[in-house]
file structure.cif (mmCIF, C-alpha atoms)
data_run
#
loop_
_atom_site.label_atom_id
_atom_site.label_comp_id
_atom_site.auth_asym_id
_atom_site.auth_seq_id
_atom_site.Cartn_x
_atom_site.Cartn_y
_atom_site.Cartn_z
CA MET A 1 123.02 114.94 102.25
CA THR A 2 125.78 115.12 99.63
CA ASP A 3 125.40 116.80 96.24
CA VAL A 4 125.89 113.46 94.52
CA THR A 5 123.00 111.96 96.45
CA ARG A 6 120.70 114.81 95.47
CA ILE A 7 121.67 114.47 91.82
CA SER A 8 121.03 110.73 92.01
CA ARG A 9 117.57 111.31 93.45
CA ARG A 10 116.72 113.75 90.65
CA ALA A 11 117.82 111.19 88.10
CA ALA A 12 115.55 108.63 89.72
CA LEU A 13 112.61 111.01 89.69
CA MET A 14 113.05 111.39 85.94
CA GLY A 15 112.49 107.64 85.67
CA PHE A 16 115.53 107.01 83.47
CA GLY A 17 117.35 103.68 83.59
CA ALA A 18 120.38 105.57 84.87
CA THR A 19 122.87 104.06 87.27
CA LEU A 20 122.86 106.06 90.48
CA ALA A 21 126.18 107.07 91.94
CA ALA A 22 127.35 106.20 95.44
CA PRO A 23 127.70 108.97 98.04
CA ALA A 24 130.61 111.35 97.51
CA ILE A 25 132.12 110.33 100.84
CA SER A 26 132.30 106.57 101.17
CA PRO A 27 134.72 103.83 102.13
CA ALA A 28 137.30 102.70 99.60
CA PHE A 29 136.01 99.89 97.40
CA GLY A 30 137.86 97.14 95.62
CA GLN A 31 138.45 97.04 91.89
CA GLY A 32 135.53 94.76 91.05
CA ALA A 33 132.61 95.91 88.94
CA PRO A 34 129.79 97.49 90.92
CA ILE A 35 126.92 95.31 92.11
CA LYS A 36 123.77 96.55 90.41
CA VAL A 37 120.38 96.67 92.12
CA GLY A 38 117.34 97.14 89.88
CA VAL A 39 114.44 99.29 91.09
CA LEU A 40 111.19 98.45 89.27
CA HIS A 41 108.53 100.71 90.76
CA SER A 42 105.95 103.06 89.24
CA LEU A 43 107.02 106.69 89.64
CA SER A 44 104.07 107.97 87.60
CA GLY A 45 100.48 106.92 87.01
CA THR A 46 97.87 105.62 89.43
CA MET A 47 100.29 103.57 91.57
CA ALA A 48 102.91 106.27 92.08
CA ILE A 49 101.13 107.30 95.30
CA SER A 50 102.28 103.99 96.80
CA GLU A 51 105.36 102.91 94.85
CA THR A 52 107.51 106.05 94.92
CA ALA A 53 108.26 105.49 98.61
CA LEU A 54 109.53 101.99 97.79
CA ARG A 55 111.94 103.42 95.21
CA ASP A 56 113.21 105.76 97.92
CA THR A 57 113.59 102.87 100.37
CA VAL A 58 115.81 100.92 97.98
CA LEU A 59 117.94 104.00 97.35
CA MET A 60 118.26 104.48 101.11
CA MET A 61 119.45 100.90 101.51
CA VAL A 62 121.97 101.28 98.70
CA ASN A 63 123.40 104.30 100.53
CA TRP A 64 123.33 102.30 103.77
CA ILE A 65 125.24 99.32 102.39
CA ASN A 66 127.81 101.51 100.69
CA GLY A 67 128.34 103.35 103.97
CA ARG A 68 129.25 99.97 105.46
CA GLY A 69 131.79 99.21 102.75
CA GLY A 70 129.50 97.83 100.06
CA LEU A 71 129.14 94.11 99.39
CA LEU A 72 132.02 91.73 98.74
CA GLY A 73 134.27 94.80 98.72
CA ARG A 74 132.34 96.27 95.78
CA ARG A 75 130.21 99.37 95.49
CA VAL A 76 126.46 98.86 95.11
CA GLU A 77 124.61 100.93 92.51
CA ALA A 78 120.88 101.33 91.89
CA VAL A 79 119.38 101.26 88.42
CA VAL A 80 115.96 102.94 88.47
CA VAL A 81 113.31 102.52 85.78
CA ASP A 82 109.72 103.77 85.68
CA PRO A 83 107.11 101.29 84.40
CA ALA A 84 104.54 104.07 84.92
CA SER A 85 101.66 101.94 86.28
CA ASN A 86 101.55 100.26 82.85
CA TRP A 87 101.41 96.49 83.36
CA PRO A 88 102.92 95.36 80.00
CA LEU A 89 105.63 98.01 80.43
CA PHE A 90 106.68 96.30 83.66
CA ALA A 91 107.76 93.27 81.62
CA GLU A 92 109.68 95.45 79.16
CA LYS A 93 111.44 97.30 81.97
CA ALA A 94 112.24 94.03 83.74
CA ARG A 95 113.89 92.74 80.56
CA GLU A 96 115.79 96.01 80.24
CA LEU A 97 117.10 95.70 83.80
CA LEU A 98 118.23 92.11 83.28
CA GLN A 99 119.54 92.20 79.71
CA VAL A 100 120.74 95.78 79.21
CA HIS A 101 121.78 96.85 82.71
CA ARG A 102 122.55 93.30 83.89
CA VAL A 103 121.38 93.92 87.42
CA ASP A 104 122.22 91.35 90.08
CA VAL A 105 118.89 91.67 91.89
CA THR A 106 115.67 93.65 91.48
CA PHE A 107 113.32 95.11 94.06
CA GLY A 108 109.97 96.00 92.59
CA CYS A 109 106.28 95.75 91.71
CA TRP A 110 103.25 96.54 93.85
CA THR A 111 100.17 95.17 92.12
CA SER A 112 99.85 91.48 91.42
CA VAL A 113 99.17 92.21 87.77
CA SER A 114 102.59 93.88 87.51
CA ARG A 115 104.22 90.92 89.27
CA LYS A 116 102.43 88.47 86.97
CA SER A 117 103.69 90.54 84.03
CA VAL A 118 107.35 90.29 85.03
CA LEU A 119 107.40 86.75 86.45
CA PRO A 120 108.00 85.00 83.09
CA VAL A 121 110.85 87.41 82.35
CA PHE A 122 112.63 86.70 85.64
CA GLU A 123 112.15 82.96 85.18
CA GLU A 124 113.34 83.01 81.56
CA LEU A 125 116.46 85.05 82.33
CA ASN A 126 117.06 83.59 85.82
CA GLY A 127 116.82 86.95 87.54
CA MET A 128 115.96 87.55 91.19
CA LEU A 129 113.02 89.74 92.26
CA PHE A 130 112.07 90.80 95.78
CA TYR A 131 108.34 91.56 95.92
CA PRO A 132 107.43 93.62 99.01
CA VAL A 133 103.64 93.87 99.06
CA GLN A 134 100.84 91.78 100.52
CA TYR A 135 99.22 89.66 97.83
CA GLU A 136 96.70 86.92 97.12
CA GLY A 137 99.12 83.98 97.26
CA GLU A 138 98.56 81.16 94.76
CA GLU A 139 102.12 81.50 93.52
CA GLU A 140 105.62 80.23 94.23
CA SER A 141 108.52 81.00 91.91
CA ARG A 142 112.17 80.10 92.36
CA ASN A 143 113.00 83.57 91.00
CA ILE A 144 110.86 85.64 93.39
CA PHE A 145 111.14 86.19 97.14
CA TYR A 146 107.85 87.40 98.59
CA THR A 147 108.46 89.68 101.58
CA GLY A 148 104.84 90.90 101.87
CA ALA A 149 101.98 88.99 103.45
CA ALA A 150 100.09 85.98 102.14
CA PRO A 151 96.32 85.90 102.86
CA ASN A 152 96.72 83.98 106.14
CA GLN A 153 99.11 86.71 107.32
CA GLN A 154 96.71 89.61 106.66
CA ALA A 155 93.31 89.11 105.04
CA ILE A 156 91.95 86.17 107.05
CA PRO A 157 93.11 87.45 110.47
CA ALA A 158 91.59 90.85 109.65
CA VAL A 159 88.19 89.36 108.85
CA GLU A 160 88.36 87.18 111.95
CA TYR A 161 88.96 90.35 113.96
CA LEU A 162 85.95 92.11 112.38
CA MET A 163 83.78 89.14 113.32
CA SER A 164 85.04 89.06 116.91
CA ALA A 165 83.48 90.93 119.81
CA ASP A 166 86.47 93.28 119.96
CA GLY A 167 86.16 94.01 116.24
CA GLY A 168 82.43 94.74 116.35
CA GLY A 169 80.89 91.31 115.68
CA ALA A 170 80.27 91.79 111.95
CA ARG A 171 77.89 89.29 110.31
CA ARG A 172 77.69 91.00 106.90
CA ILE A 173 80.76 91.88 104.85
CA ALA A 174 81.14 94.27 101.90
CA LEU A 175 84.15 93.25 99.80
CA LEU A 176 85.26 96.32 97.81
CA GLY A 177 88.23 95.96 95.49
CA THR A 178 90.06 97.19 92.45
CA ASP A 179 89.34 94.99 89.43
CA TYR A 180 92.41 92.80 89.03
CA VAL A 181 93.87 89.54 90.27
CA TYR A 182 94.79 90.44 93.87
CA PRO A 183 91.36 91.65 95.04
CA ARG A 184 89.44 89.01 93.10
CA THR A 185 91.56 86.09 94.33
CA THR A 186 91.75 87.40 97.90
CA ASN A 187 87.98 87.83 97.95
CA ARG A 188 87.49 84.34 96.57
CA ILE A 189 89.48 83.09 99.56
CA LEU A 190 87.59 85.35 101.96
CA ARG A 191 84.19 84.31 100.62
CA ALA A 192 85.06 80.64 101.21
CA PHE A 193 86.39 81.49 104.66
CA LEU A 194 83.23 83.45 105.53
CA ASN A 195 81.05 80.61 104.28
CA SER A 196 82.99 78.22 106.54
CA LYS A 197 82.14 80.51 109.47
CA GLY A 198 78.41 80.42 108.72
CA ILE A 199 78.18 83.66 106.70
CA PRO A 200 76.00 82.93 103.63
CA ASP A 201 76.56 84.50 100.22
CA ALA A 202 73.45 86.66 100.78
CA ASP A 203 75.38 88.47 103.51
CA ILE A 204 78.40 89.18 101.31
CA LEU A 205 78.40 92.20 98.98
CA GLU A 206 81.17 92.20 96.35
CA GLU A 207 82.03 95.20 94.15
CA TYR A 208 84.98 95.95 91.83
CA THR A 209 86.11 99.20 90.24
CA PRO A 210 88.87 100.12 87.76
CA PHE A 211 92.25 101.49 88.75
CA GLY A 212 92.00 105.22 89.42
CA HIS A 213 88.24 105.06 90.07
CA SER A 214 86.97 108.35 91.48
CA ASP A 215 83.15 108.26 91.68
CA TRP A 216 82.34 106.34 94.86
CA GLN A 217 78.98 107.90 95.69
CA GLY A 218 76.82 105.08 94.34
CA ILE A 219 78.91 102.24 95.76
CA VAL A 220 79.15 103.78 99.23
CA ALA A 221 75.39 104.38 99.16
CA ARG A 222 74.84 100.69 98.30
CA VAL A 223 77.03 99.69 101.23
CA LYS A 224 74.92 101.89 103.53
CA ARG A 225 71.73 100.22 102.31
CA PHE A 226 73.34 96.78 102.69
CA ALA A 227 74.33 97.67 106.26
CA GLY A 228 70.84 98.94 107.03
CA GLU A 229 69.18 95.55 106.64
CA GLY A 230 69.53 94.47 110.26
CA LYS A 231 72.96 92.86 110.64
CA LYS A 232 76.24 94.34 111.81
CA THR A 233 78.26 95.13 108.66
CA ALA A 234 81.92 95.82 107.93
CA ILE A 235 83.86 96.81 104.80
CA VAL A 236 86.90 94.86 103.64
CA SER A 237 88.86 97.00 101.18
CA THR A 238 91.28 95.70 98.58
CA ILE A 239 91.17 99.04 96.75
CA ASN A 240 94.61 99.95 95.43
CA GLY A 241 96.42 103.13 94.44
CA ASP A 242 95.07 106.66 94.27
CA ALA A 243 91.44 105.47 94.14
CA ASN A 244 91.68 105.24 97.92
CA VAL A 245 91.67 109.03 98.27
CA PRO A 246 88.15 109.61 96.84
CA PHE A 247 86.90 106.38 98.45
CA TYR A 248 87.79 107.51 101.95
CA ARG A 249 86.59 111.01 101.20
CA GLU A 250 83.20 109.57 100.22
CA LEU A 251 82.99 107.52 103.42
CA GLY A 252 83.36 110.81 105.26
CA ASN A 253 80.89 112.61 102.99
CA GLN A 254 78.22 110.01 103.67
CA GLY A 255 78.86 110.02 107.40
CA ILE A 256 80.06 106.42 107.64
CA LYS A 257 81.76 106.19 111.02
CA ALA A 258 83.90 103.35 112.26
CA GLU A 259 81.53 102.55 115.12
CA ASP A 260 78.69 102.03 112.60
CA ILE A 261 80.38 100.38 109.58
CA PRO A 262 84.06 99.72 110.26
CA SER A 263 86.32 99.45 107.23
CA VAL A 264 89.55 97.46 107.19
CA ALA A 265 92.03 98.13 104.38
CA PHE A 266 94.75 95.85 103.07
CA SER A 267 96.46 98.37 100.78
CA VAL A 268 96.25 101.63 102.73
CA GLY A 269 99.04 102.60 105.05
CA GLU A 270 100.68 105.72 106.36
CA GLU A 271 101.86 106.86 102.92
CA GLU A 272 98.36 106.81 101.42
CA LEU A 273 96.83 108.51 104.47
CA ALA A 274 99.34 111.35 104.15
CA GLY A 275 97.20 112.81 101.35
CA ILE A 276 93.82 112.47 103.08
CA ASP A 277 92.01 114.41 105.80
CA THR A 278 91.98 111.53 108.27
CA ARG A 279 89.70 113.13 110.88
CA PRO A 280 86.49 111.53 109.48
CA LEU A 281 88.33 108.17 109.27
CA VAL A 282 89.43 107.91 112.89
CA GLY A 283 88.71 104.38 114.12
CA HIS A 284 88.66 102.74 110.69
CA LEU A 285 91.18 99.95 110.38
CA ALA A 286 94.08 98.60 108.37
CA ALA A 287 95.68 95.18 108.56
CA TRP A 288 99.42 95.00 108.02
CA ASN A 289 102.52 93.35 109.44
CA TYR A 290 104.13 96.64 110.52
CA PHE A 291 103.06 100.14 111.48
CA MET A 292 105.28 103.20 111.78
CA SER A 293 104.08 103.60 115.38
CA VAL A 294 105.55 100.24 116.49
CA GLN A 295 107.81 100.58 119.52
CA SER A 296 110.94 98.46 119.03
CA PRO A 297 114.71 99.05 118.88
CA ALA A 298 114.76 97.83 115.26
CA ASN A 299 112.02 100.30 114.31
CA THR A 300 113.91 103.15 115.97
CA GLU A 301 116.92 102.21 113.84
CA PHE A 302 114.75 102.04 110.70
CA LEU A 303 113.09 105.40 111.38
CA ASN A 304 116.40 107.10 112.13
CA LEU A 305 117.90 105.72 108.92
CA TRP A 306 114.87 106.90 106.89
CA ARG A 307 114.78 110.37 108.42
CA ALA A 308 118.49 110.92 107.89
CA TYR A 309 118.21 109.80 104.27
CA ILE A 310 114.99 111.47 103.18
CA ASN A 311 115.50 114.74 105.13
CA ASN A 312 111.77 115.50 105.07
CA PRO A 313 109.85 115.31 108.38
CA ARG A 314 106.56 114.79 106.55
CA ARG A 315 107.62 111.53 104.91
CA VAL A 316 106.38 108.46 106.76
CA THR A 317 107.24 104.76 106.73
CA ASN A 318 104.83 101.91 106.04
CA ASP A 319 104.55 98.14 105.73
CA PRO A 320 105.81 97.66 102.14
CA MET A 321 108.77 99.91 102.98
CA GLU A 322 109.57 97.70 105.94
CA ALA A 323 109.23 94.61 103.72
CA THR A 324 111.65 96.20 101.24
CA TYR A 325 114.08 97.00 104.06
CA VAL A 326 113.91 93.45 105.42
CA GLY A 327 114.29 91.95 101.95
CA PHE A 328 117.33 94.09 101.16
CA LYS A 329 119.00 93.12 104.44
CA MET A 330 118.32 89.43 103.83
CA TRP A 331 119.64 89.66 100.27
CA ALA A 332 122.82 91.41 101.49
CA GLN A 333 123.32 88.72 104.14
CA ALA A 334 122.81 85.98 101.56
CA VAL A 335 125.30 87.57 99.15
CA ALA A 336 127.88 87.82 101.92
CA GLN A 337 127.25 84.20 102.90
CA ALA A 338 127.41 82.93 99.31
CA GLY A 339 130.45 85.05 98.44
CA THR A 340 128.85 85.93 95.10
CA THR A 341 125.86 87.74 93.60
CA GLY A 342 125.09 84.74 91.39
CA VAL A 343 121.36 84.08 91.52
CA ASP A 344 121.55 80.32 92.10
CA ALA A 345 124.00 80.62 95.00
CA VAL A 346 122.18 83.56 96.58
CA ARG A 347 118.85 81.74 96.28
CA THR A 348 120.21 78.82 98.31
CA ALA A 349 121.75 81.17 100.87
CA MET A 350 118.43 83.01 101.29
CA TYR A 351 116.73 80.02 102.92
CA GLY A 352 116.78 80.45 106.67
CA GLN A 353 117.99 84.05 106.60
CA LYS A 354 116.74 85.99 109.61
CA VAL A 355 116.38 89.72 110.30
CA ASP A 356 115.33 91.54 113.45
CA ALA A 357 112.59 93.54 111.75
CA PRO A 358 111.15 96.96 112.63
CA SER A 359 107.88 95.15 113.42
CA GLY A 360 109.56 94.04 116.63
CA PHE A 361 109.85 90.40 115.59
CA THR A 362 112.59 88.25 114.07
CA LEU A 363 111.49 87.27 110.56
CA GLU A 364 112.75 84.20 108.69
CA MET A 365 112.76 83.32 105.00
CA HIS A 366 111.36 79.85 104.33
CA ARG A 367 111.90 77.51 101.41
CA ASN A 368 108.55 78.49 99.93
CA HIS A 369 110.19 81.92 99.32
CA HIS A 370 107.88 83.59 101.85
CA LEU A 371 108.60 85.19 105.21
CA SER A 372 107.15 84.33 108.56
CA LYS A 373 105.41 87.57 109.63
CA PRO A 374 103.33 88.91 112.54
CA VAL A 375 99.85 90.28 111.89
CA MET A 376 98.71 93.67 113.23
CA ILE A 377 95.37 95.48 113.14
CA GLY A 378 95.63 99.25 113.50
CA GLU A 379 93.07 102.03 113.96
CA VAL A 380 93.46 105.24 111.98
CA GLN A 381 94.38 108.19 114.20
CA ALA A 382 93.73 111.85 113.46
CA ASP A 383 97.43 112.41 112.71
CA GLY A 384 97.48 109.74 109.97
CA GLN A 385 99.21 107.14 112.13
CA PHE A 386 97.81 103.82 113.34
CA ASN A 387 97.21 102.65 116.88
CA THR A 388 97.71 98.88 117.06
CA VAL A 389 94.58 97.35 118.60
CA TRP A 390 95.42 93.69 118.01
CA LYS A 391 98.42 91.63 116.97
CA THR A 392 99.59 88.04 116.94
CA SER A 393 101.94 86.87 119.66
CA GLY A 394 104.59 85.98 117.10
CA PRO A 395 105.30 85.55 113.39
CA ILE A 396 103.03 83.29 111.32
CA VAL A 397 104.41 81.09 108.54
CA ALA A 398 102.92 81.99 105.15
CA GLU A 399 100.34 79.76 103.48
CA ASN A 400 100.93 80.84 99.90
CA TRP A 401 98.57 78.08 98.69
CA SER A 402 95.31 78.80 100.50
CA PRO A 403 93.36 75.88 101.98
CA PHE A 404 90.20 77.80 101.04
CA ILE A 405 90.83 77.21 97.34
CA PRO A 406 89.77 73.61 96.58
CA GLU A 407 92.33 72.96 93.84
CA ASN A 408 95.12 73.49 96.40
CA ALA A 409 94.22 70.33 98.33
CA ASN A 410 97.39 68.50 97.31
CA ARG A 411 99.78 71.46 97.18
CA ARG A 412 102.65 71.91 99.58
CA ARG A 413 102.10 74.75 102.04
CA GLY A 414 104.30 76.57 104.54
#
call {"tool": "encode", "arguments": {"input": "structure.cif", "output": "structure tokens"}}
result
Amino acid sequence: MTDVTRISRRAALMGFGATLAAPAISPAFGQGAPIKVGVLHSLSGTMAISETALRDTVLMMVNWINGRGGLLGRRVEAVVVDPASNWPLFAEKARELLQVHRVDVTFGCWTSVSRKSVLPVFEELNGMLFYPVQYEGEEESRNIFYTGAAPNQQAIPAVEYLMSADGGGARRIALLGTDYVYPRTTNRILRAFLNSKGIPDADILEEYTPFGHSDWQGIVARVKRFAGEGKKTAIVSTINGDANVPFYRELGNQGIKAEDIPSVAFSVGEEELAGIDTRPLVGHLAAWNYFMSVQSPANTEFLNLWRAYINNPRRVTNDPMEATYVGFKMWAQAVAQAGTTGVDAVRTAMYGQKVDAPSGFTLEMHRNHHLSKPVMIGEVQADGQFNTVWKTSGPIVAENWSPFIPENANRRRG
């Protein structure tokens, strides 16, 4: 790793809106102005546990593209800001990236509330945002490309698995989430789906907690009582950020084992498990579109690139990192195809872009600004990795407007 790269990483850690330099040894670039890539991820606060790795992924891809000669003969530079898990600050930092730093594209946000905060800014200023995290759907913006999963690419297949014989045959579901738009909307969809499968509201427990919540004793005890009323029960978790650490610790403290009350998470991957003693959690589940343990040539390439860049054997990869990686590659392909970084031209060139993804599947960007993606269910292993126990045979096209929300009856889907 060059000295310049290390200095750039320190600058990013400080959270300044500083332009990060290219590697000291790189191909010769043309005389054009650098192409600027905005990085809009929380490096402090409750979401830093998840978002810091996405900042690092974008920086890795900037190094990668510059090592290949840049884009359009120009060097690519990253501009990193820290919205600090502060949702209004996301909008301010988005405006700073677009108006002050004049970035050509931005990769950023994790929570839906942060994305909702910045969406009007990107639409007003005609910026381009790549959003890499699973979300609740119910959105489609010409200024955002959604490279994470819609509910039909994660939440619904996960609940179907829990209800299947292989998943334990659950007939009662505890919906536990952080109190904001993603968990509440996803659980609205899941409640309607469960009702359609003959699960009445009396067999659905729904609880919400603030960001950073740490006292899980009472809620986990309620889940145990709910599960003790005669029907097979499972937990569906839309808990986000560092609240997952005490939540999983409390599952272990109260002796909740996967064979008794399985839990499936939608926002916990390898990065979050890195800070938890996973031994009591072995057998609990997560639903994603990629796991680090996937065996594929594209994943080997991704892992080798990450390990060479990060130079830390303890750092893992996860689904939102893969979504960032795929989004960056698609954007670079679209820029090369369009011959410009102009948002309108790149937007048009994005439709139909394909990437052989680390998930082992070829993913395609559709005109609804969402990717086709496979679905995978993984069991937590003692080493913090996931063993895939179920997956779709191929990618599924996103339904960003859920058929389980009545007001979507006349909306275009897919």
call {"tool": "residues_around", "arguments": {"input": "structure.cif", "residues": "stretch 279-282 of chain A", "least_positions_apart": "4", "cutoff": "10 Å", "atoms": "all atoms listed in the file", "output": "PDB file with C-alpha atoms, in the coordinates of the input"}}
result
ATOM      1  CA  TYR A 248      87.790 107.510 101.950  1.00  0.00           C
ATOM      2  CA  ARG A 249      86.590 111.010 101.200  1.00  0.00           C
ATOM      3  CA  LEU A 251      82.990 107.520 103.420  1.00  0.00           C
ATOM      4  CA  GLY A 252      83.360 110.810 105.260  1.00  0.00           C
ATOM      5  CA  ASN A 253      80.890 112.610 102.990  1.00  0.00           C
ATOM      6  CA  GLY A 255      78.860 110.020 107.400  1.00  0.00           C
ATOM      7  CA  ILE A 256      80.060 106.420 107.640  1.00  0.00           C
ATOM      8  CA  LYS A 257      81.760 106.190 111.020  1.00  0.00           C
ATOM      9  CA  ALA A 258      83.900 103.350 112.260  1.00  0.00           C
ATOM     10  CA  GLU A 259      81.530 102.550 115.120  1.00  0.00           C
ATOM     11  CA  PRO A 262      84.060  99.720 110.260  1.00  0.00           C
ATOM     12  CA  SER A 263      86.320  99.450 107.230  1.00  0.00           C
ATOM     13  CA  LEU A 273      96.830 108.510 104.470  1.00  0.00           C
ATOM     14  CA  GLU A 379      93.070 102.030 113.960  1.00  0.00           C
ATOM     15  CA  VAL A 380      93.460 105.240 111.980  1.00  0.00           C
ATOM     16  CA  GLN A 381      94.380 108.190 114.200  1.00  0.00           C
ATOM     17  CA  ALA A 382      93.730 111.850 113.460  1.00  0.00           C
ATOM     18  CA  ASP A 383      97.430 112.410 112.710  1.00  0.00           C
ATOM     19  CA  GLY A 384      97.480 109.740 109.970  1.00  0.00           C
ATOM     20  CA  GLN A 385      99.210 107.140 112.130  1.00  0.00           C
ATOM     21  CA  PHE A 386      97.810 103.820 113.340  1.00  0.00           C
TER      22      PHE A 386
END
call {"tool": "resolve_selection", "arguments": {"input": "structure.cif", "expression": "the PyMOL selection byres ((chain A and resi 132) around 6)", "output": "VMD selection string"}}
result
chain A and resid 131 133 147 to 148 320 323 to 324
call {"tool": "residues_near_point", "arguments": {"input": "structure.cif", "point": "(99.4, 87.7, 98.4)", "cutoff": "12 Å", "atoms": "all atoms listed in the file", "output": "ChimeraX atom specification"}}
result
/A:110-113,115-116,131-140,145-156,181-187,189,238,266-267,370-371,398-402
call {"tool": "closest_residue", "arguments": {"input": "structure.cif", "among": "A:Ser141, A:Asn318, A:Gln99, A:Thr46", "to": "A:Trp87", "atoms": "only C-alpha atoms"}}
result
A:Thr46
call {"tool": "atom_distance", "arguments": {"input": "structure.cif", "atom1": "atom CA of A:Phe247", "atom2": "atom CA of A:Asp260"}}
result
16.9 Å
call {"tool": "resolve_selection", "arguments": {"input": "structure.cif", "expression": "the PyMOL selection byres ((chain A and resi 192-203) around 8)", "output": "PDB file with C-alpha atoms, in the frame of the given file"}}
result
ATOM      1  CA  ILE A 156      91.950  86.170 107.050  1.00  0.00           C
ATOM      2  CA  ARG A 171      77.890  89.290 110.310  1.00  0.00           C
ATOM      3  CA  ARG A 172      77.690  91.000 106.900  1.00  0.00           C
ATOM      4  CA  ILE A 173      80.760  91.880 104.850  1.00  0.00           C
ATOM      5  CA  ARG A 188      87.490  84.340  96.570  1.00  0.00           C
ATOM      6  CA  ILE A 189      89.480  83.090  99.560  1.00  0.00           C
ATOM      7  CA  LEU A 190      87.590  85.350 101.960  1.00  0.00           C
ATOM      8  CA  ARG A 191      84.190  84.310 100.620  1.00  0.00           C
ATOM      9  CA  ILE A 204      78.400  89.180 101.310  1.00  0.00           C
ATOM     10  CA  LEU A 205      78.400  92.200  98.980  1.00  0.00           C
ATOM     11  CA  PHE A 404      90.200  77.800 101.040  1.00  0.00           C
ATOM     12  CA  ILE A 405      90.830  77.210  97.340  1.00  0.00           C
TER      13      ILE A 405
END
call {"tool": "closest_atom_pairs", "arguments": {"input": "structure.cif", "of": "stretch 21-92 of chain A", "to": "stretch 339-354 of chain A", "cutoff": "10 Å", "atoms": "all atoms listed in the file", "output": "tab-separated table"}}
result
residue	atom	partner	partner_atom	distance
A:Ile35	CA	A:Thr341	CA	7.8
A:Lys36	CA	A:Thr341	CA	9.6
A:Leu71	CA	A:Gly339	CA	9.2
A:Leu72	CA	A:Gly339	CA	6.9
call {"tool": "write_last_selection", "arguments": {"input": "structure.cif", "atoms": "C-alpha atoms", "output": "PDB file, in the frame of the given file"}}
result
ATOM      1  CA  ILE A  35     126.920  95.310  92.110  1.00  0.00           C
ATOM      2  CA  LYS A  36     123.770  96.550  90.410  1.00  0.00           C
ATOM      3  CA  LEU A  71     129.140  94.110  99.390  1.00  0.00           C
ATOM      4  CA  LEU A  72     132.020  91.730  98.740  1.00  0.00           C
TER       5      LEU A  72
END
call {"tool": "resolve_selection", "arguments": {"input": "structure.cif", "expression": "the PyMOL selection byres ((chain A and resi 45) around 8)", "output": "list in words"}}
result
Ser42, Leu43, Ser44, Thr46, Met47, Ala48, Ala84, Ser85 and Asn86 of chain A
call {"tool": "write_last_selection", "arguments": {"input": "structure.cif", "atoms": "C-alpha atoms", "output": "compact mmCIF listing (two decimals), in the frame of the given file"}}
result
# COMPACT_ATOMS: atom_id res chain seq x y z
CA SER A 42 105.95 103.06 89.24
CA LEU A 43 107.02 106.69 89.64
CA SER A 44 104.07 107.97 87.60
CA THR A 46 97.87 105.62 89.43
CA MET A 47 100.29 103.57 91.57
CA ALA A 48 102.91 106.27 92.08
CA ALA A 84 104.54 104.07 84.92
CA SER A 85 101.66 101.94 86.28
CA ASN A 86 101.55 100.26 82.85
call {"tool": "closest_residue", "arguments": {"input": "structure.cif", "among": "A:Arg142, A:Arg367, A:Lys373, A:Lys329", "to": "A:Gly394", "atoms": "only C-alpha atoms"}}
result
A:Lys373
call {"tool": "closest_residue", "arguments": {"input": "structure.cif", "among": "A:Ser372, A:Gly168, A:Val79, A:Tyr290", "to": "A:Tyr325", "atoms": "only C-alpha atoms"}}
result
A:Tyr290
call {"tool": "residues_around", "arguments": {"input": "structure.cif", "residues": "A:Ser164", "least_positions_apart": "5", "cutoff": "12 Å", "atoms": "only C-alpha atoms", "output": "PyMOL selection string"}}
result
chain A and resi 157-159+169-171+197+232+234+390
call {"tool": "atom_distance", "arguments": {"input": "structure.cif", "atom1": "atom CA of A:Glu271", "atom2": "atom CA of A:Arg315"}}
result
7.7 Å
call {"tool": "residues_around", "arguments": {"input": "structure.cif", "residues": "A:Leu303", "least_positions_apart": "3", "cutoff": "9 Å", "atoms": "only C-alpha atoms", "output": "PDB file with C-alpha atoms, in the coordinates of the input"}}
result
ATOM      1  CA  MET A 292     105.280 103.200 111.780  1.00  0.00           C
ATOM      2  CA  ALA A 298     114.760  97.830 115.260  1.00  0.00           C
ATOM      3  CA  ASN A 299     112.020 100.300 114.310  1.00  0.00           C
ATOM      4  CA  THR A 300     113.910 103.150 115.970  1.00  0.00           C
ATOM      5  CA  TRP A 306     114.870 106.900 106.890  1.00  0.00           C
ATOM      6  CA  ARG A 307     114.780 110.370 108.420  1.00  0.00           C
ATOM      7  CA  ALA A 308     118.490 110.920 107.890  1.00  0.00           C
ATOM      8  CA  VAL A 316     106.380 108.460 106.760  1.00  0.00           C
ATOM      9  CA  THR A 317     107.240 104.760 106.730  1.00  0.00           C
ATOM     10  CA  PRO A 358     111.150  96.960 112.630  1.00  0.00           C
TER      11      PRO A 358
END
call {"tool": "closest_residue", "arguments": {"input": "structure.cif", "among": "A:Asn304, A:Asn143, A:Thr233, A:Gln217", "to": "A:Leu175", "atoms": "all atoms listed in the file"}}
result
A:Thr233
call {"tool": "residues_around", "arguments": {"input": "structure.cif", "residues": "A:Asp215", "least_positions_apart": "3", "cutoff": "9 Å", "atoms": "all atoms listed in the file", "output": "PyMOL selection string"}}
result
chain A and resi 218-219+246-247+250
call {"tool": "closest_residue", "arguments": {"input": "structure.cif", "among": "A:Asp179, A:Glu92, A:Asp356, A:Glu51", "to": "A:Glu207", "atoms": "all atoms listed in the file"}}
result
A:Asp179
call {"tool": "closest_residue", "arguments": {"input": "structure.cif", "among": "A:Thr106, A:Asn244, A:Gln333, A:Ser117", "to": "A:Gly38", "atoms": "all atoms listed in the file"}}
result
A:Thr106
call {"tool": "residues_around", "arguments": {"input": "structure.cif", "residues": "A:Ala221", "least_positions_apart": "5", "cutoff": "9 Å", "atoms": "only C-alpha atoms", "output": "JSON, numbers by chain"}}
result
{"A": [216, 226, 254]}
